[in-house]
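Pasting run.txt here (compact mmCIF, C-alpha atoms):
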```txt
# COMPACT_ATOMS: atom_id res chain seq x y z
CA MET A 1 -12.25 8.66 20.30
CA ALA A 2 -10.18 11.11 22.33
CA GLN A 3 -6.86 12.48 21.16
CA PRO A 4 -4.06 10.50 22.87
CA ALA A 5 -2.00 12.18 25.57
CA ALA A 6 1.22 11.26 23.73
CA PRO A 7 1.94 10.61 20.03
CA PRO A 8 1.53 6.94 19.12
CA GLY A 9 4.55 4.73 18.54
CA ALA A 10 5.35 3.31 15.10
CA GLY A 11 3.29 0.15 15.65
CA ASP A 12 0.24 2.02 16.92
CA ALA A 13 0.61 4.56 14.11
CA GLN A 14 0.67 1.80 11.52
CA THR A 15 -2.60 0.46 12.92
CA SER A 16 -4.11 3.95 12.86
CA LEU A 17 -3.06 4.32 9.22
CA ALA A 18 -4.71 1.03 8.33
CA VAL A 19 -7.92 2.13 10.05
CA LEU A 20 -7.85 5.50 8.24
CA HIS A 21 -7.31 3.74 4.93
CA ALA A 22 -10.29 1.44 5.50
CA LEU A 23 -12.50 4.36 6.53
CA MET A 24 -11.54 6.38 3.48
CA ARG A 25 -12.25 3.47 1.15
CA ARG A 26 -15.67 3.12 2.74
CA GLU A 27 -16.66 6.78 2.96
CA VAL A 28 -15.02 8.57 0.01
CA PRO A 29 -16.18 7.30 -3.41
CA HIS A 30 -14.51 7.87 -6.78
CA GLN A 31 -10.97 7.76 -5.45
CA LEU A 32 -8.05 8.24 -7.82
CA THR A 33 -5.53 5.62 -8.78
CA LEU A 34 -2.26 7.34 -9.65
CA SER A 35 0.65 5.56 -11.30
CA ALA A 36 3.40 4.52 -8.89
CA GLY A 37 5.85 6.84 -10.64
CA HIS A 38 3.65 9.89 -10.50
CA ARG A 39 2.57 9.22 -6.95
CA GLN A 40 6.22 9.05 -5.93
CA ARG A 41 7.00 12.29 -7.80
CA ILE A 42 4.25 14.09 -5.87
CA LEU A 43 5.59 12.81 -2.55
CA ASP A 44 9.18 13.67 -3.45
CA LEU A 45 8.11 17.23 -4.31
CA ALA A 46 6.28 17.48 -0.98
CA TRP A 47 9.33 16.21 0.89
CA ASP A 48 11.56 18.74 -0.87
CA LEU A 49 9.23 21.57 0.15
CA LEU A 50 9.17 20.37 3.75
CA GLN A 51 12.96 20.56 3.85
CA GLN A 52 12.75 24.29 3.08
CA VAL A 53 10.79 25.14 6.22
CA PRO A 54 12.69 25.38 9.50
CA ASP A 55 10.27 23.47 11.69
CA ALA A 56 8.36 20.83 9.74
CA GLY A 57 7.43 18.54 12.64
CA LEU A 58 8.05 15.22 10.91
CA ASP A 59 9.57 13.73 14.05
CA ARG A 60 6.27 12.10 15.06
CA PRO A 61 3.81 9.86 13.21
CA GLN A 62 1.14 11.95 11.52
CA ALA A 63 -1.26 12.32 8.64
CA LEU A 64 -0.83 15.16 6.18
CA LEU A 65 -2.44 16.32 2.95
CA VAL A 66 -0.56 16.76 -0.32
CA VAL A 67 -2.19 18.56 -3.27
CA ASP A 68 -0.78 18.49 -6.81
CA ARG A 69 -1.96 21.66 -8.56
CA ASN A 70 -0.68 20.41 -11.95
CA PRO A 71 -3.62 21.27 -14.27
CA ALA A 72 -3.49 17.76 -15.72
CA VAL A 73 -3.60 16.10 -12.29
CA GLN A 74 -5.56 18.18 -9.71
CA ALA A 75 -5.24 15.61 -6.95
CA LEU A 76 -5.31 15.53 -3.15
CA LEU A 77 -3.46 12.71 -1.37
CA VAL A 78 -4.01 11.76 2.26
CA VAL A 79 -0.56 10.63 3.40
CA GLY A 80 0.71 8.83 6.49
CA ALA A 81 4.21 9.86 7.58
CA ILE A 82 5.89 7.65 10.18
CA PRO A 83 9.52 8.57 10.98
CA GLY A 84 11.95 6.03 9.53
CA LYS A 85 9.32 4.41 7.29
CA PRO A 86 8.16 4.98 3.72
CA TRP A 87 5.27 7.41 3.42
CA GLU A 88 1.93 5.72 2.83
CA VAL A 89 -0.79 7.07 0.58
CA VAL A 90 -4.04 6.44 2.43
CA GLY A 91 -6.14 7.53 -0.55
CA ALA A 92 -6.54 10.22 -3.21
CA THR A 93 -9.32 12.26 -4.80
CA HIS A 94 -9.63 14.94 -7.44
CA VAL A 95 -9.67 18.61 -6.38
CA SER A 96 -9.90 21.94 -8.16
CA THR A 97 -7.24 24.57 -7.60
CA GLY A 98 -6.97 28.16 -8.85
CA LYS A 99 -7.56 29.12 -12.46
CA PRO A 100 -5.86 32.45 -13.21
CA GLY A 101 -7.01 34.70 -16.01
CA ARG A 102 -10.45 35.70 -14.75
CA LYS A 103 -11.44 38.47 -12.36
CA GLU A 104 -10.37 37.61 -8.81
CA HIS A 105 -9.01 34.23 -9.95
CA PHE A 106 -5.38 33.34 -9.18
CA VAL A 107 -3.20 30.25 -9.15
CA THR A 108 -3.13 28.32 -5.87
CA PRO A 109 0.30 28.90 -4.30
CA VAL A 110 2.81 26.10 -3.87
CA GLY A 111 4.10 25.69 -0.32
CA VAL A 112 3.67 24.24 3.14
CA PHE A 113 0.60 25.44 5.02
CA ARG A 114 -0.38 24.68 8.60
CA ASN A 115 -3.89 24.32 9.98
CA THR A 116 -3.09 26.35 13.06
CA ALA A 117 -5.11 27.42 16.08
CA ASP A 118 -4.06 30.98 15.22
CA ILE A 119 -6.96 30.93 12.72
CA LEU A 120 -10.36 29.64 13.73
CA GLY A 121 -11.84 28.54 10.41
CA TYR A 122 -15.60 28.25 9.96
CA ARG A 123 -18.48 26.33 8.40
CA ALA A 124 -20.53 27.03 5.30
CA GLU A 125 -23.90 28.70 5.77
CA GLY A 126 -25.24 27.07 2.61
CA THR A 127 -26.49 30.36 1.17
CA LYS A 128 -26.41 31.16 -2.54
CA ASN A 129 -24.58 34.09 -4.10
CA GLU A 130 -25.98 36.42 -6.75
CA ASN A 131 -25.44 33.68 -9.35
CA GLY A 132 -27.37 31.09 -7.36
CA VAL A 133 -24.21 29.20 -6.37
CA ARG A 134 -23.42 27.81 -2.92
CA GLY A 135 -19.71 28.45 -3.24
CA LEU A 136 -18.73 26.63 -0.03
CA GLY A 137 -21.18 23.78 -0.39
CA VAL A 138 -24.23 22.91 1.67
CA LYS A 139 -24.82 24.23 5.16
CA GLY A 140 -22.36 22.85 7.69
CA MET A 141 -19.54 21.97 5.30
CA ARG A 142 -16.16 22.64 6.89
CA VAL A 143 -13.87 25.45 5.67
CA TRP A 144 -10.18 25.13 6.56
CA ASP A 145 -8.58 28.58 6.59
CA PHE A 146 -4.82 28.91 6.04
CA GLY A 147 -4.72 32.69 6.16
CA TRP A 148 -3.38 35.25 3.69
CA GLN A 149 -0.77 33.84 1.29
CA GLN A 150 1.10 35.23 -1.69
CA THR A 151 0.72 33.94 -5.21
CA ASP A 152 1.47 35.07 -8.77
CA ASP A 153 -0.60 37.96 -10.11
CA TRP A 154 -1.25 37.05 -13.75
CA ARG A 155 -2.14 40.66 -14.58
CA ALA A 156 1.47 41.87 -14.37
CA PRO A 157 4.63 39.83 -15.12
CA GLY A 158 6.56 39.13 -11.93
CA ALA A 159 3.88 40.65 -9.68
CA ARG A 160 2.59 38.96 -6.53
CA ILE A 161 -0.72 39.30 -4.73
CA ASP A 162 -2.17 38.20 -1.39
CA ILE A 163 -5.09 35.78 -1.49
CA ARG A 164 -7.06 34.11 1.28
CA MET A 165 -6.02 30.45 1.15
CA GLU A 166 -8.83 28.06 2.09
CA MET A 167 -9.89 24.48 1.46
CA HIS A 168 -13.62 23.76 1.19
CA ALA A 169 -16.44 21.97 -0.59
CA THR A 170 -18.47 23.56 -3.37
CA ASP A 171 -22.00 23.62 -4.78
CA PRO A 172 -23.03 19.95 -5.10
CA ASP A 173 -25.47 20.62 -7.94
CA LEU A 174 -23.59 23.13 -10.09
CA LEU A 175 -19.88 22.88 -9.41
CA GLU A 176 -18.88 19.59 -7.78
CA GLN A 177 -18.99 17.80 -11.13
CA ARG A 178 -16.32 20.26 -12.34
CA ILE A 179 -13.86 19.19 -9.65
CA GLY A 180 -10.78 17.72 -11.30
CA ARG A 181 -9.77 20.77 -13.31
CA PRO A 182 -8.51 24.24 -12.31
CA ASP A 183 -11.62 26.26 -11.53
CA SER A 184 -11.33 28.18 -8.25
CA GLU A 185 -10.27 31.68 -7.28
CA GLY A 186 -7.18 30.20 -5.62
CA CYS A 187 -8.67 28.03 -2.88
CA ILE A 188 -8.71 24.24 -2.98
CA ARG A 189 -12.14 22.80 -3.73
CA ILE A 190 -12.68 19.26 -2.50
CA PRO A 191 -15.57 16.80 -2.92
CA ALA A 192 -18.21 16.88 -0.19
CA ALA A 193 -17.39 13.29 0.80
CA MET A 194 -13.74 14.22 1.33
CA ASN A 195 -14.80 17.29 3.29
CA ARG A 196 -16.85 15.12 5.65
CA PHE A 197 -14.05 12.55 5.96
CA LEU A 198 -11.37 15.11 6.86
CA ASP A 199 -13.76 16.81 9.27
CA ARG A 200 -15.03 13.67 11.01
CA TYR A 201 -11.59 12.16 11.57
CA GLY A 202 -9.72 15.42 12.20
CA VAL A 203 -7.01 14.46 9.73
CA ILE A 204 -5.15 17.81 9.99
CA ASP A 205 -6.91 19.15 13.08
CA ALA A 206 -4.34 18.25 15.77
CA ASP A 207 -3.73 21.87 16.82
CA LEU A 208 -7.43 22.73 16.75
CA GLU A 209 -8.32 19.64 18.77
CA ALA A 210 -5.88 20.75 21.47
CA ALA A 211 -7.25 24.31 21.37
CA ALA A 212 -10.82 23.01 21.73
CA LYS A 213 -10.01 21.74 25.21
CA MET A 214 -9.52 25.34 26.39
CA ASP A 215 -11.36 27.53 23.90
CA PRO A 216 -15.11 27.06 23.32
CA ARG A 217 -14.84 28.65 19.86
CA PHE A 218 -12.80 25.71 18.61
CA ALA A 219 -15.01 23.23 20.43
CA ALA A 220 -17.98 24.75 18.58
CA LEU A 221 -16.19 24.59 15.22
CA LEU A 222 -15.18 20.93 15.36
CA ALA A 223 -17.79 18.30 14.54
CA PRO A 224 -19.68 17.20 17.67
CA ASP A 225 -19.63 13.55 16.50
CA ARG A 226 -15.97 13.61 15.45
CA MET A 227 -13.65 10.65 16.00
CA PRO A 228 -10.17 12.19 15.59
CA THR A 229 -7.50 9.83 14.35
CA PRO A 230 -4.62 9.37 16.82
CA ILE A 231 -2.21 10.38 14.03
CA ALA A 232 -3.91 13.69 13.24
CA GLY A 233 -1.46 16.23 11.87
CA THR A 234 -1.57 19.88 10.85
CA LEU A 235 0.00 20.14 7.40
CA LEU A 236 -1.21 20.82 3.88
CA VAL A 237 1.52 20.73 1.22
CA VAL A 238 0.77 22.06 -2.27
CA VAL A 239 3.12 20.96 -5.07
CA ASP A 240 3.14 21.26 -8.84
CA SER A 241 4.33 18.23 -10.78
CA SER A 242 4.28 20.17 -14.06
CA ALA A 243 7.31 22.12 -15.24
CA GLY A 244 5.87 25.40 -13.99
CA GLY A 245 5.85 24.65 -10.25
CA ARG A 246 8.46 26.98 -8.78
CA ASP A 247 7.12 28.79 -5.70
CA PRO A 248 9.24 28.46 -2.54
CA ALA A 249 7.86 27.04 0.68
CA VAL A 250 8.09 30.00 3.03
CA LEU A 251 5.58 29.28 5.79
CA PRO A 252 6.75 28.30 9.29
CA VAL A 253 5.37 25.03 10.67
CA SER A 254 5.94 23.00 13.83
CA ARG A 255 9.14 21.29 14.99
CA GLN A 256 12.47 20.69 13.28
CA ALA A 257 12.39 18.73 10.00
CA ARG A 258 14.47 15.58 9.89
CA ALA A 259 17.04 15.07 7.15
CA ALA A 260 15.93 11.53 6.34
CA SER A 261 14.20 10.82 3.04
CA PRO A 262 10.66 9.44 2.86
CA LEU A 263 12.09 6.84 0.42
CA GLN A 264 9.41 4.98 -1.55
CA ALA A 265 5.75 5.45 -0.87
CA SER A 266 3.57 2.41 -0.31
CA ARG A 267 0.10 1.93 -1.85
```
What's the C-alpha cells form of this structure?
Amino acid sequence: MAQPAAPPGAGDAQTSLAVLHALMRREVPHQLTLSAGHRQRILDLAWDLLQQVPDAGLDRPQALLVVDRNPAVQALLVVGAIPGKPWEVVGATHVSTGKPGRKEHFVTPVGVFRNTADILGYRAEGTKNENGVRGLGVKGMRVWDFGWQQTDDWRAPGARIDIRMEMHATDPDLLEQRIGRPDSEGCIRIPAAMNRFLDRYGVIDADLEAAAKMDPRFAALLAPDRMPTPIAGTLLVVVDSSAGGRDPAVLPVSRQARAASPLQASR
C-alpha cells in the first residue's frame, strides 16, 4: 500500500481510521478500556499541549500517539485526528514510562515530539546486556528515536537533565510482563505486538516514508513488508493526567495548529 500523493479527504480518512481500528483489534491483544471521562481528559491534555507549539500540523487527517505517563494509568492511545471532527481513539495499550529515583532513571518528559527524518532511528539487535536482559526486545524490533530532550533531574530540586527519548519494545521474557507501571530510564516501553503494529502500518512514519523514497538508509530502516496507512502522521504527545504533570510543550512540529477544539472523542 503506497503512501498517497495527497492527504486523504475526510471521507477517505474515516475509512482509513476504521481499517486501522479493525487491524489493531486483530493484531494487538490485551487492549485497555479507559472510562469515557478519563479518555477525554487525556485527549484534552494532548490538545492543550498541541496548542503550545507553533506548527502542530493538525490541518490534515492523521494518526497520532498519545501517552499518559500518570503512574496509575501508563497508557498509549492511537488517535485519529480529522479536522472539524471529534478525535477517535483507535485503540489503547499499557506502556511503561520513566521511573526516577534509580541510577540513570528519569521521568519521561511531557510534550509534543515528532518522528522526524532528521533522526534515522534503528532496530534492536536482540543482544543481552550484562544482566541478561534484551532491553530493546528481540532482534528486529523497531526503535523510534525522538532525540535529546530535557526532563526533571530528581537528584537536585529544580534541576533539568538531557535524556535520549525513545519508544521501543523490551525483553519479552523478563520485562514485558512489567509493562503498565513506571519502569524505564525515561523512554517509553511498549508491548511487542504494539511495536509490530506501529511499524507495519507506519502510524507515525509519514516523514520517514517520504524520506525513504530518496534516502536508502530510511528505506532500509522501514519494514520491507509494511503497509503504511494513508493517514500516517508524525506526532507523539506525552501528557500526565495526575496533578504533577506540568512540563511545557517546547518542541517544534509541522504546520500551523488550528484553533478549533477536538470536542468529544469517539470510542
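Nearest to Arg160 (chain A) of all the residues A:Val107, A:Val66, A:Leu175, A:Val143 is A:Val107, based on only C-alpha atoms.
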- prompt: Restricting the calculation to all atoms listed in the file, which member of A:Arg200, A:Arg60, A:His38, A:Arg178 is positioned closest to Ala13 (chain A)?
  reply: A:Arg60
Take every atom of region 138-151 of chain A listed in the file, pad by 5 Å on each side, and give me the axis-aligned box centre and edge lengths in Å, one decimal, as JSON.
```
{"center_x": -11.9, "center_y": 28.6, "center_z": 1.2, "size_x": 35.9, "size_y": 23.3, "size_z": 22.9}
```
field: Polymer residues at most 8 Å from region 44-46 of chain A, all atoms listed in the file, same-chain spacing of 3 or more positions, as a list of chain:residue names
entry: A:Gln40, A:Arg41, A:Leu49, A:Leu50, A:Val66, A:Val237, A:Val238, A:Val239, A:Asp240, A:Ser241, A:Pro262
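Among the candidate residues A:Tyr122, A:Pro54, A:Asp215, A:Pro61, the one lying nearest to Asp12 (chain A) is A:Pro61, with distances computed using only C-alpha atoms.
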field: Nearest candidate to Ala56 (chain A) (options A:Val133, A:Val112, A:Ala206, A:Met194; using only C-alpha atoms)
entry: A:Val112
message: If we count only C-alpha atoms and set the cut-off at 12 Å, which residues sit around Val90 (chain A), ignoring sequence neighbours fewer than 4 positions away in its own chain? Please answer as a PyMOL selection string.
response: chain A and resi 14+16-25+28+31-33+39+62-66+76-81+203+265-267
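Of the residues listed (A:Thr170, A:Thr116, A:Ser184, A:Asn129), A:Thr116 shows the shortest atom-to-atom separation from Asp205 (chain A); distances use all atoms listed in the file.
Separating CA of Ala220 (chain A) from CA of Lys139 (chain A) is a distance of 15.1 Å.
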field: Contacts of Ala169 (chain A) at 8 Å (all atoms listed in the file; same-chain gap of 6+ positions) as a PyMOL selection string
entry: chain A and resi 135-137+141-143+176+189-192+195
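Checking A:Asp152, A:Asp55, A:Glu27, A:Asp171 one by one against Val138 (chain A), counting only C-alpha atoms, you find the shortest gap at A:Asp171.
CA of Trp144 (chain A) sits 10.9 Å away from CA of Phe113 (chain A).
Straight-line separation from CA of Glu185 (chain A) to CA of Lys99 (chain A): 6.4 Å.
When the distance limit is 7 Å and only C-alpha atoms are what count, the residues near Ile179 (chain A), minus those fewer than 4 positions from it on the same chain, are His94, Val95 and Ser96 of chain A.
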May I have the residues from that selection written out with C-alpha atoms, as a compact mmCIF listing (two decimals), keeping the file's coordinate frame?
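The file below, out.txt, is the result:
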```txt
# COMPACT_ATOMS: atom_id res chain seq x y z
CA HIS A 94 -9.63 14.94 -7.44
CA VAL A 95 -9.67 18.61 -6.38
CA SER A 96 -9.90 21.94 -8.16
```
field: Selection near Ile163 (chain A), 9 Å with all atoms listed in the file, sequence-local residues under 3 positions removed, as a ChimeraX atom specification
entry: /A:106,108,147-151,185-187
Restrict the output to region 25-55 of chain A and N, CA and C atoms, then write it as an mmCIF file, in the first residue's frame.
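And here's out_16.cif as it stands now:
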```
data_model
loop_
_atom_site.group_PDB
_atom_site.id
_atom_site.type_symbol
_atom_site.label_atom_id
_atom_site.label_comp_id
_atom_site.auth_asym_id
_atom_site.auth_seq_id
_atom_site.Cartn_x
_atom_site.Cartn_y
_atom_site.Cartn_z
ATOM 1 N N ARG A 25 -7.469 -4.168 16.519
ATOM 2 C CA ARG A 25 -8.233 -5.140 17.311
ATOM 3 C C ARG A 25 -7.761 -6.559 17.014
ATOM 4 N N ARG A 26 -7.390 -6.808 15.767
ATOM 5 C CA ARG A 26 -6.968 -8.145 15.367
ATOM 6 C C ARG A 26 -5.544 -8.465 15.803
ATOM 7 N N GLU A 27 -4.661 -7.465 15.788
ATOM 8 C CA GLU A 27 -3.234 -7.737 15.919
ATOM 9 C C GLU A 27 -2.626 -7.351 17.270
ATOM 10 N N VAL A 28 -3.323 -6.559 18.069
ATOM 11 C CA VAL A 28 -2.770 -6.116 19.353
ATOM 12 C C VAL A 28 -3.676 -6.616 20.477
ATOM 13 N N PRO A 29 -3.273 -7.687 21.162
ATOM 14 C CA PRO A 29 -4.106 -8.224 22.248
ATOM 15 C C PRO A 29 -3.990 -7.373 23.515
ATOM 16 N N HIS A 30 -4.871 -7.675 24.461
ATOM 17 C CA HIS A 30 -4.839 -7.075 25.799
ATOM 18 C C HIS A 30 -4.947 -5.550 25.729
ATOM 19 N N GLN A 31 -5.850 -5.054 24.902
ATOM 20 C CA GLN A 31 -6.034 -3.618 24.826
ATOM 21 C C GLN A 31 -6.762 -3.097 26.059
ATOM 22 N N LEU A 32 -6.534 -1.818 26.342
ATOM 23 C CA LEU A 32 -7.136 -1.178 27.507
ATOM 24 C C LEU A 32 -8.506 -0.611 27.167
ATOM 25 N N THR A 33 -9.377 -0.631 28.158
ATOM 26 C CA THR A 33 -10.651 0.064 28.058
ATOM 27 C C THR A 33 -10.661 1.151 29.123
ATOM 28 N N LEU A 34 -10.496 2.390 28.691
ATOM 29 C CA LEU A 34 -10.485 3.524 29.613
ATOM 30 C C LEU A 34 -11.893 4.076 29.748
ATOM 31 N N SER A 35 -12.203 4.638 30.906
ATOM 32 C CA SER A 35 -13.502 5.291 31.061
ATOM 33 C C SER A 35 -13.605 6.458 30.090
ATOM 34 N N ALA A 36 -14.834 6.777 29.692
ATOM 35 C CA ALA A 36 -15.034 7.880 28.748
ATOM 36 C C ALA A 36 -14.482 9.187 29.306
ATOM 37 N N GLY A 37 -14.662 9.405 30.604
ATOM 38 C CA GLY A 37 -14.179 10.641 31.209
ATOM 39 C C GLY A 37 -12.670 10.741 31.204
ATOM 40 N N HIS A 38 -12.010 9.644 31.554
ATOM 41 C CA HIS A 38 -10.552 9.703 31.593
ATOM 42 C C HIS A 38 -9.953 9.761 30.195
ATOM 43 N N ARG A 39 -10.555 9.034 29.277
ATOM 44 C CA ARG A 39 -10.106 9.094 27.893
ATOM 45 C C ARG A 39 -10.184 10.527 27.365
ATOM 46 N N GLN A 40 -11.301 11.203 27.683
ATOM 47 C CA GLN A 40 -11.449 12.576 27.210
ATOM 48 C C GLN A 40 -10.444 13.497 27.893
ATOM 49 N N ARG A 41 -10.147 13.262 29.166
ATOM 50 C CA ARG A 41 -9.150 14.095 29.859
ATOM 51 C C ARG A 41 -7.779 13.956 29.189
ATOM 52 N N ILE A 42 -7.402 12.736 28.826
ATOM 53 C CA ILE A 42 -6.123 12.523 28.155
ATOM 54 C C ILE A 42 -6.079 13.293 26.835
ATOM 55 N N LEU A 43 -7.156 13.208 26.055
ATOM 56 C CA LEU A 43 -7.179 13.895 24.764
ATOM 57 C C LEU A 43 -7.202 15.406 24.929
ATOM 58 N N ASP A 44 -7.910 15.898 25.930
ATOM 59 C CA ASP A 44 -7.919 17.342 26.179
ATOM 60 C C ASP A 44 -6.524 17.841 26.555
ATOM 61 N N LEU A 45 -5.811 17.072 27.376
ATOM 62 C CA LEU A 45 -4.445 17.448 27.742
ATOM 63 C C LEU A 45 -3.544 17.460 26.509
ATOM 64 N N ALA A 46 -3.713 16.465 25.642
ATOM 65 C CA ALA A 46 -2.909 16.428 24.412
ATOM 66 C C ALA A 46 -3.226 17.633 23.533
ATOM 67 N N TRP A 47 -4.492 17.957 23.396
ATOM 68 C CA TRP A 47 -4.878 19.121 22.586
ATOM 69 C C TRP A 47 -4.254 20.388 23.154
ATOM 70 N N ASP A 48 -4.323 20.552 24.472
ATOM 71 C CA ASP A 48 -3.748 21.751 25.095
ATOM 72 C C ASP A 48 -2.251 21.861 24.797
ATOM 73 N N LEU A 49 -1.535 20.735 24.859
ATOM 74 C CA LEU A 49 -0.104 20.771 24.555
ATOM 75 C C LEU A 49 0.131 21.150 23.097
ATOM 76 N N LEU A 50 -0.683 20.622 22.202
ATOM 77 C CA LEU A 50 -0.508 20.923 20.784
ATOM 78 C C LEU A 50 -0.740 22.400 20.486
ATOM 79 N N GLN A 51 -1.550 23.059 21.299
ATOM 80 C CA GLN A 51 -1.758 24.497 21.090
ATOM 81 C C GLN A 51 -0.542 25.328 21.508
ATOM 82 N N GLN A 52 0.387 24.742 22.249
ATOM 83 C CA GLN A 52 1.573 25.467 22.697
ATOM 84 C C GLN A 52 2.717 25.425 21.692
ATOM 85 N N VAL A 53 2.607 24.577 20.689
ATOM 86 C CA VAL A 53 3.656 24.505 19.676
ATOM 87 C C VAL A 53 3.220 25.316 18.464
ATOM 88 N N PRO A 54 4.138 25.961 17.775
ATOM 89 C CA PRO A 54 3.763 26.912 16.732
ATOM 90 C C PRO A 54 3.315 26.276 15.430
ATOM 91 N N ASP A 55 3.516 24.991 15.265
ATOM 92 C CA ASP A 55 3.343 24.405 13.937
ATOM 93 C C ASP A 55 2.909 22.945 14.074
#
```
